[in-house]
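Below is the file coords.cif, which contains mmCIF, N, CA and C atoms.
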```cif
data_my_file
loop_
_atom_site.label_atom_id
_atom_site.label_comp_id
_atom_site.auth_asym_id
_atom_site.auth_seq_id
_atom_site.Cartn_x
_atom_site.Cartn_y
_atom_site.Cartn_z
N MET D 16 -117.53 90.10 -14.44
CA MET D 16 -116.23 89.50 -14.52
C MET D 16 -115.74 89.06 -13.15
N THR D 17 -116.07 89.82 -12.13
CA THR D 17 -115.67 89.47 -10.78
C THR D 17 -116.34 88.18 -10.33
N LEU D 18 -117.62 88.01 -10.68
CA LEU D 18 -118.32 86.79 -10.30
C LEU D 18 -117.73 85.57 -10.99
N ALA D 19 -117.35 85.71 -12.24
CA ALA D 19 -116.73 84.59 -12.95
C ALA D 19 -115.38 84.23 -12.33
N PHE D 20 -114.62 85.23 -11.94
CA PHE D 20 -113.33 84.97 -11.29
C PHE D 20 -113.53 84.28 -9.95
N ALA D 21 -114.50 84.75 -9.17
CA ALA D 21 -114.76 84.13 -7.87
C ALA D 21 -115.25 82.70 -8.04
N GLY D 22 -116.12 82.46 -9.00
CA GLY D 22 -116.58 81.10 -9.25
C GLY D 22 -115.46 80.18 -9.67
N SER D 23 -114.54 80.68 -10.49
CA SER D 23 -113.43 79.84 -10.91
C SER D 23 -112.47 79.57 -9.75
N ILE D 24 -112.30 80.52 -8.85
CA ILE D 24 -111.47 80.28 -7.66
C ILE D 24 -112.11 79.19 -6.80
N GLY D 25 -113.43 79.25 -6.60
CA GLY D 25 -114.11 78.23 -5.81
C GLY D 25 -113.98 76.85 -6.42
N MET D 26 -114.17 76.76 -7.73
CA MET D 26 -114.04 75.45 -8.38
C MET D 26 -112.59 74.97 -8.37
N THR D 27 -111.63 75.89 -8.45
CA THR D 27 -110.23 75.51 -8.35
C THR D 27 -109.92 74.91 -6.99
N LEU D 28 -110.50 75.47 -5.94
CA LEU D 28 -110.29 74.91 -4.61
C LEU D 28 -110.86 73.50 -4.50
N VAL D 29 -112.03 73.29 -5.08
CA VAL D 29 -112.64 71.95 -5.04
C VAL D 29 -111.79 70.97 -5.86
N ILE D 30 -111.30 71.39 -7.00
CA ILE D 30 -110.46 70.50 -7.81
C ILE D 30 -109.14 70.23 -7.11
N LEU D 31 -108.58 71.23 -6.44
CA LEU D 31 -107.36 71.00 -5.67
C LEU D 31 -107.58 70.00 -4.55
N ALA D 32 -108.76 70.03 -3.96
CA ALA D 32 -109.07 69.06 -2.91
C ALA D 32 -109.05 67.64 -3.44
N CYS D 33 -109.28 67.50 -4.72
CA CYS D 33 -109.29 66.17 -5.34
C CYS D 33 -107.95 65.78 -5.93
N ALA D 34 -107.25 66.73 -6.54
CA ALA D 34 -106.15 66.39 -7.42
C ALA D 34 -104.75 66.49 -6.80
N LEU D 35 -104.60 67.08 -5.65
CA LEU D 35 -103.27 67.16 -5.07
C LEU D 35 -102.71 65.76 -4.80
N PRO D 36 -101.42 65.56 -5.03
CA PRO D 36 -100.86 64.21 -4.90
C PRO D 36 -101.03 63.57 -3.52
N ASP D 37 -100.98 64.38 -2.45
CA ASP D 37 -101.15 63.80 -1.11
C ASP D 37 -102.58 63.31 -0.90
N LEU D 38 -103.54 64.00 -1.51
CA LEU D 38 -104.95 63.72 -1.26
C LEU D 38 -105.46 62.64 -2.22
N ASN D 39 -105.31 62.86 -3.50
CA ASN D 39 -105.56 61.87 -4.55
C ASN D 39 -106.87 61.08 -4.37
N SER D 40 -107.94 61.78 -4.09
CA SER D 40 -109.27 61.17 -3.99
C SER D 40 -110.27 62.13 -4.61
N TRP D 41 -111.08 61.62 -5.52
CA TRP D 41 -112.03 62.48 -6.22
C TRP D 41 -113.38 62.53 -5.53
N TRP D 42 -113.50 62.02 -4.34
CA TRP D 42 -114.77 62.08 -3.60
C TRP D 42 -115.23 63.50 -3.28
N PRO D 43 -114.34 64.45 -2.96
CA PRO D 43 -114.84 65.81 -2.68
C PRO D 43 -115.54 66.47 -3.86
N PHE D 44 -115.32 65.97 -5.07
CA PHE D 44 -115.94 66.57 -6.26
C PHE D 44 -117.45 66.36 -6.30
N ILE D 45 -117.98 65.52 -5.41
CA ILE D 45 -119.42 65.27 -5.35
C ILE D 45 -120.19 66.55 -5.01
N VAL D 46 -119.54 67.50 -4.33
CA VAL D 46 -120.25 68.73 -3.96
C VAL D 46 -120.69 69.53 -5.18
N VAL D 47 -120.12 69.26 -6.35
CA VAL D 47 -120.53 69.97 -7.56
C VAL D 47 -122.00 69.67 -7.88
N VAL D 48 -122.46 68.48 -7.53
CA VAL D 48 -123.88 68.14 -7.70
C VAL D 48 -124.75 69.08 -6.88
N PHE D 49 -124.30 69.40 -5.66
CA PHE D 49 -125.04 70.34 -4.82
C PHE D 49 -125.03 71.74 -5.44
N TYR D 50 -123.91 72.12 -6.09
CA TYR D 50 -123.86 73.43 -6.75
C TYR D 50 -124.90 73.51 -7.86
N LEU D 51 -125.12 72.41 -8.54
CA LEU D 51 -126.09 72.41 -9.63
C LEU D 51 -127.53 72.45 -9.12
N PHE D 52 -127.81 71.76 -8.00
CA PHE D 52 -129.18 71.68 -7.49
C PHE D 52 -129.55 72.81 -6.53
N ALA D 53 -128.59 73.51 -5.95
CA ALA D 53 -128.89 74.52 -4.93
C ALA D 53 -129.80 75.64 -5.42
N PRO D 54 -129.54 76.25 -6.58
CA PRO D 54 -130.40 77.37 -6.97
C PRO D 54 -131.73 76.96 -7.60
N LEU D 55 -131.91 75.69 -7.91
CA LEU D 55 -133.11 75.29 -8.65
C LEU D 55 -134.43 75.57 -7.93
N PRO D 56 -134.62 75.19 -6.65
CA PRO D 56 -135.93 75.46 -6.04
C PRO D 56 -136.32 76.93 -6.03
N THR D 57 -135.36 77.79 -5.69
CA THR D 57 -135.66 79.22 -5.62
C THR D 57 -135.92 79.78 -7.02
N MET D 58 -135.14 79.36 -7.99
CA MET D 58 -135.36 79.86 -9.35
C MET D 58 -136.71 79.42 -9.90
N LEU D 59 -137.11 78.19 -9.63
CA LEU D 59 -138.41 77.71 -10.10
C LEU D 59 -139.56 78.47 -9.44
N MET D 60 -139.45 78.73 -8.15
CA MET D 60 -140.52 79.46 -7.46
C MET D 60 -140.58 80.91 -7.90
N LYS D 61 -139.45 81.53 -8.15
CA LYS D 61 -139.47 82.91 -8.65
C LYS D 61 -140.07 82.97 -10.04
N ARG D 62 -139.91 81.91 -10.80
CA ARG D 62 -140.47 81.89 -12.16
C ARG D 62 -141.97 81.68 -12.14
N TYR D 63 -142.47 80.84 -11.25
CA TYR D 63 -143.89 80.48 -11.28
C TYR D 63 -144.75 81.22 -10.27
N ASN D 64 -144.15 82.00 -9.40
CA ASN D 64 -144.93 82.75 -8.42
C ASN D 64 -144.63 84.23 -8.53
N ASP D 65 -145.63 85.03 -8.21
CA ASP D 65 -145.43 86.47 -8.12
C ASP D 65 -145.12 86.78 -6.67
N TYR D 66 -143.88 87.02 -6.37
CA TYR D 66 -143.46 87.29 -4.99
C TYR D 66 -143.70 88.75 -4.68
N SER D 67 -144.71 89.02 -3.88
CA SER D 67 -145.11 90.40 -3.64
C SER D 67 -144.75 90.90 -2.24
N GLY D 68 -143.85 90.22 -1.54
CA GLY D 68 -143.42 90.69 -0.24
C GLY D 68 -144.21 90.11 0.91
N SER D 69 -145.44 89.67 0.67
CA SER D 69 -146.21 89.05 1.75
C SER D 69 -145.77 87.60 1.90
N GLY D 70 -146.22 86.96 2.95
CA GLY D 70 -145.84 85.58 3.20
C GLY D 70 -146.31 84.66 2.09
N ASN D 71 -145.42 83.93 1.50
CA ASN D 71 -145.74 83.03 0.42
C ASN D 71 -145.19 81.66 0.79
N ALA D 72 -146.07 80.71 1.01
CA ALA D 72 -145.66 79.40 1.48
C ALA D 72 -144.80 78.66 0.47
N ASN D 73 -145.08 78.81 -0.81
CA ASN D 73 -144.27 78.14 -1.83
C ASN D 73 -142.85 78.67 -1.86
N MET D 74 -142.70 79.98 -1.75
CA MET D 74 -141.36 80.57 -1.75
C MET D 74 -140.60 80.18 -0.50
N GLU D 75 -141.28 80.12 0.63
CA GLU D 75 -140.62 79.71 1.87
C GLU D 75 -140.17 78.26 1.79
N LEU D 76 -140.96 77.40 1.17
CA LEU D 76 -140.56 76.01 0.96
C LEU D 76 -139.34 75.93 0.05
N ALA D 77 -139.32 76.74 -1.00
CA ALA D 77 -138.18 76.74 -1.91
C ALA D 77 -136.90 77.19 -1.21
N VAL D 78 -137.00 78.21 -0.38
CA VAL D 78 -135.83 78.68 0.37
C VAL D 78 -135.39 77.61 1.37
N PHE D 79 -136.34 76.93 2.00
CA PHE D 79 -136.01 75.85 2.92
C PHE D 79 -135.27 74.72 2.20
N LEU D 80 -135.75 74.32 1.02
CA LEU D 80 -135.08 73.27 0.25
C LEU D 80 -133.69 73.70 -0.20
N THR D 81 -133.57 74.96 -0.61
CA THR D 81 -132.27 75.48 -1.01
C THR D 81 -131.29 75.46 0.16
N MET D 82 -131.75 75.87 1.33
CA MET D 82 -130.86 75.86 2.49
C MET D 82 -130.49 74.43 2.90
N GLY D 83 -131.40 73.49 2.73
CA GLY D 83 -131.08 72.09 3.01
C GLY D 83 -129.99 71.58 2.09
N ILE D 84 -130.04 71.96 0.82
CA ILE D 84 -129.01 71.56 -0.14
C ILE D 84 -127.67 72.21 0.20
N VAL D 85 -127.70 73.48 0.58
CA VAL D 85 -126.47 74.19 0.92
C VAL D 85 -125.83 73.58 2.17
N VAL D 86 -126.63 73.31 3.19
CA VAL D 86 -126.09 72.71 4.42
C VAL D 86 -125.54 71.32 4.12
N SER D 87 -126.19 70.58 3.25
CA SER D 87 -125.70 69.25 2.88
C SER D 87 -124.35 69.33 2.18
N SER D 88 -124.16 70.36 1.37
CA SER D 88 -122.87 70.48 0.68
C SER D 88 -121.73 70.81 1.64
N PHE D 89 -122.05 71.40 2.79
CA PHE D 89 -121.02 71.62 3.80
C PHE D 89 -120.86 70.39 4.70
N ALA D 90 -121.93 69.67 4.93
CA ALA D 90 -121.87 68.53 5.84
C ALA D 90 -121.20 67.32 5.21
N LEU D 91 -121.41 67.10 3.92
CA LEU D 91 -120.88 65.90 3.27
C LEU D 91 -119.35 65.80 3.35
N PRO D 92 -118.58 66.86 3.05
CA PRO D 92 -117.12 66.72 3.20
C PRO D 92 -116.69 66.47 4.64
N ILE D 93 -117.40 67.06 5.59
CA ILE D 93 -117.05 66.84 7.00
C ILE D 93 -117.30 65.38 7.38
N ILE D 94 -118.41 64.84 6.95
CA ILE D 94 -118.72 63.43 7.24
C ILE D 94 -117.70 62.52 6.56
N MET D 95 -117.35 62.83 5.31
CA MET D 95 -116.36 61.99 4.62
C MET D 95 -114.99 62.07 5.29
N ALA D 96 -114.64 63.23 5.84
CA ALA D 96 -113.36 63.34 6.55
C ALA D 96 -113.41 62.61 7.89
N ARG D 97 -114.56 62.63 8.55
CA ARG D 97 -114.68 61.93 9.84
C ARG D 97 -114.57 60.42 9.70
N VAL D 98 -115.08 59.88 8.60
CA VAL D 98 -114.99 58.43 8.39
C VAL D 98 -113.73 58.07 7.59
N GLN D 99 -112.85 59.06 7.38
CA GLN D 99 -111.55 58.91 6.75
C GLN D 99 -111.64 58.44 5.29
N THR D 100 -112.69 58.84 4.61
CA THR D 100 -112.77 58.63 3.17
C THR D 100 -111.89 59.63 2.44
N ILE D 101 -111.84 60.86 2.96
CA ILE D 101 -110.95 61.89 2.42
C ILE D 101 -110.12 62.44 3.57
N ALA D 102 -109.03 63.12 3.22
CA ALA D 102 -108.18 63.74 4.23
C ALA D 102 -108.81 65.04 4.71
N TRP D 103 -108.40 65.47 5.90
CA TRP D 103 -108.94 66.73 6.44
C TRP D 103 -108.50 67.92 5.60
N THR D 104 -107.35 67.82 4.98
CA THR D 104 -106.91 68.90 4.08
C THR D 104 -107.87 69.03 2.90
N ALA D 105 -108.28 67.91 2.33
CA ALA D 105 -109.25 67.94 1.23
C ALA D 105 -110.58 68.49 1.72
N CYS D 106 -110.97 68.16 2.93
CA CYS D 106 -112.21 68.68 3.51
C CYS D 106 -112.13 70.20 3.63
N ASN D 107 -110.99 70.71 4.09
CA ASN D 107 -110.84 72.16 4.24
C ASN D 107 -110.88 72.87 2.89
N PHE D 108 -110.17 72.31 1.89
CA PHE D 108 -110.22 72.89 0.55
C PHE D 108 -111.66 72.92 0.03
N THR D 109 -112.38 71.83 0.25
CA THR D 109 -113.76 71.76 -0.24
C THR D 109 -114.65 72.76 0.48
N LEU D 110 -114.49 72.90 1.79
CA LEU D 110 -115.31 73.85 2.54
C LEU D 110 -115.03 75.29 2.11
N PHE D 111 -113.76 75.63 1.91
CA PHE D 111 -113.43 76.98 1.44
C PHE D 111 -113.97 77.20 0.02
N GLY D 112 -113.89 76.16 -0.81
CA GLY D 112 -114.48 76.26 -2.14
C GLY D 112 -115.97 76.46 -2.09
N ASN D 113 -116.65 75.76 -1.15
CA ASN D 113 -118.09 75.95 -0.96
C ASN D 113 -118.42 77.39 -0.61
N VAL D 114 -117.67 77.95 0.31
CA VAL D 114 -117.93 79.34 0.73
C VAL D 114 -117.81 80.28 -0.46
N VAL D 115 -116.75 80.12 -1.25
CA VAL D 115 -116.53 81.01 -2.38
C VAL D 115 -117.63 80.83 -3.44
N VAL D 116 -117.98 79.58 -3.74
CA VAL D 116 -119.00 79.34 -4.77
C VAL D 116 -120.36 79.87 -4.33
N TYR D 117 -120.73 79.65 -3.07
CA TYR D 117 -122.04 80.13 -2.64
C TYR D 117 -122.08 81.64 -2.50
N LEU D 118 -120.98 82.28 -2.15
CA LEU D 118 -120.95 83.75 -2.17
C LEU D 118 -121.08 84.26 -3.61
N THR D 119 -120.51 83.52 -4.56
CA THR D 119 -120.68 83.87 -5.97
C THR D 119 -122.13 83.73 -6.39
N PHE D 120 -122.80 82.67 -5.94
CA PHE D 120 -124.23 82.50 -6.24
C PHE D 120 -125.03 83.67 -5.67
N ILE D 121 -124.75 84.05 -4.44
CA ILE D 121 -125.48 85.15 -3.82
C ILE D 121 -125.26 86.44 -4.61
N GLY D 122 -124.01 86.71 -4.99
CA GLY D 122 -123.73 87.90 -5.79
C GLY D 122 -124.44 87.88 -7.12
N PHE D 123 -124.49 86.71 -7.76
CA PHE D 123 -125.17 86.60 -9.05
C PHE D 123 -126.66 86.88 -8.91
N PHE D 124 -127.30 86.28 -7.91
CA PHE D 124 -128.74 86.47 -7.77
C PHE D 124 -129.09 87.87 -7.28
N LEU D 125 -128.23 88.49 -6.49
CA LEU D 125 -128.48 89.88 -6.11
C LEU D 125 -128.38 90.79 -7.34
N THR D 126 -127.44 90.50 -8.21
CA THR D 126 -127.30 91.28 -9.43
C THR D 126 -128.44 91.02 -10.39
N LEU D 127 -128.85 89.77 -10.50
CA LEU D 127 -129.89 89.39 -11.45
C LEU D 127 -131.25 89.97 -11.07
N TYR D 128 -131.60 89.95 -9.80
CA TYR D 128 -132.94 90.34 -9.38
C TYR D 128 -133.02 91.75 -8.80
N GLN D 129 -131.99 92.56 -8.98
CA GLN D 129 -132.09 93.93 -8.47
C GLN D 129 -132.95 94.77 -9.40
N GLU D 130 -133.54 95.78 -8.84
CA GLU D 130 -134.40 96.67 -9.63
C GLU D 130 -133.52 97.62 -10.43
N ASP D 131 -133.82 97.78 -11.68
CA ASP D 131 -133.05 98.67 -12.55
C ASP D 131 -133.66 100.07 -12.58
N THR D 132 -133.77 100.70 -11.44
CA THR D 132 -134.39 102.02 -11.38
C THR D 132 -133.37 103.15 -11.36
N ASP D 133 -132.12 102.84 -11.04
CA ASP D 133 -131.13 103.91 -10.90
C ASP D 133 -130.18 103.89 -12.11
N TYR D 134 -130.54 104.67 -13.12
CA TYR D 134 -129.69 104.77 -14.28
C TYR D 134 -128.83 106.04 -14.26
N SER D 135 -128.88 106.77 -13.16
CA SER D 135 -128.19 108.05 -13.12
C SER D 135 -126.77 107.93 -12.56
N LEU D 136 -126.18 106.71 -12.64
CA LEU D 136 -124.82 106.57 -12.14
C LEU D 136 -123.80 107.27 -13.03
N TRP D 137 -124.10 107.43 -14.32
CA TRP D 137 -123.16 108.05 -15.23
C TRP D 137 -123.48 109.50 -15.31
#
```

Would you mind writing the file's structure down as structure tokens?
Amino acid sequence: MTLAFAGSIGMTLVILACALPDLNSWWPFIVVVFYLFAPLPTMLMKRYNDYSGSGNANMELAVFLTMGIVVSSFALPIIMARVQTIAWTACNFTLFGNVVVYLTFIGFFLTLYQEDTDYSLW
């Protein structure tokens, strides 16, 4: 439930960057495409490779591609603000939304891929 709340806060920030009357530009919403593509390389490599802790070139390539997508999602609003396509306020909302959404992604994948060995919490 916490991850869903955090994800909705991040998306709300991105939508606010687009919909506030002073800003009124839907260009910052393009970062949602990066949200969709960011986890794909890592998820595909985890599905098709047995990651055993040793150096795996395919997994390293997937992490590299994922990081390229994440960095691009932070760079695009800054570039759009520098060329005055969007306002700096919209850029800030989008960057804060990016931080929240990617922290939500990290929390989700840490929860998804953790080992279920400790059932003695209760």

**Asked** What residues come out when you apply the PyMOL selection byres (((chain D and resi 104-118 and name CA) around 6) and name CA) to this file, written as a PyMOL selection string?
**Response** chain D and resi 22+25+28-29+32+92+102-103+119-121

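Here atom C of Leu38 in chain D and atom C of Met82 in chain D stand 28.1 Å from one another.
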
**Message:** One number please: CA of Met26 in chain D to CA of Leu51 in chain D, in Å, one decimal.
**Reply:** 12.5 Å

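We find CA of Val86 in chain D and CA of Phe49 in chain D to be spaced 9.6 Å apart.
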
Kindly provide, as AutoDock Vina command-line options, the centre and edge lengths (Å, one decimal) of an axis-aligned box around all atoms of range 117-127 of chain D given in the file, with 5 Å on each side.
```
--center_x -125.9 --center_y 85.5 --center_z -6.8 --size_x 20.7 --size_y 21.6 --size_z 19.3
```

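If only C-alpha atoms are the atoms counted, then among D:Asn39, D:Thr17, D:Thr81, D:Ser23 the closest residue to Phe52 in chain D is D:Thr81.
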
**Request:** Rank D:Asp37, D:Arg97, D:Ala21, D:Met74 by their smallest atom-to-atom distance to Thr57 in chain D, using only N, CA and C atoms, and report the top residue only.
**Result:** D:Met74

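Each of D:Met95, D:Leu127, D:Pro54, D:Ile45 was compared to Leu80 in chain D using only C-alpha atoms, and D:Pro54 turns out to be the nearest.
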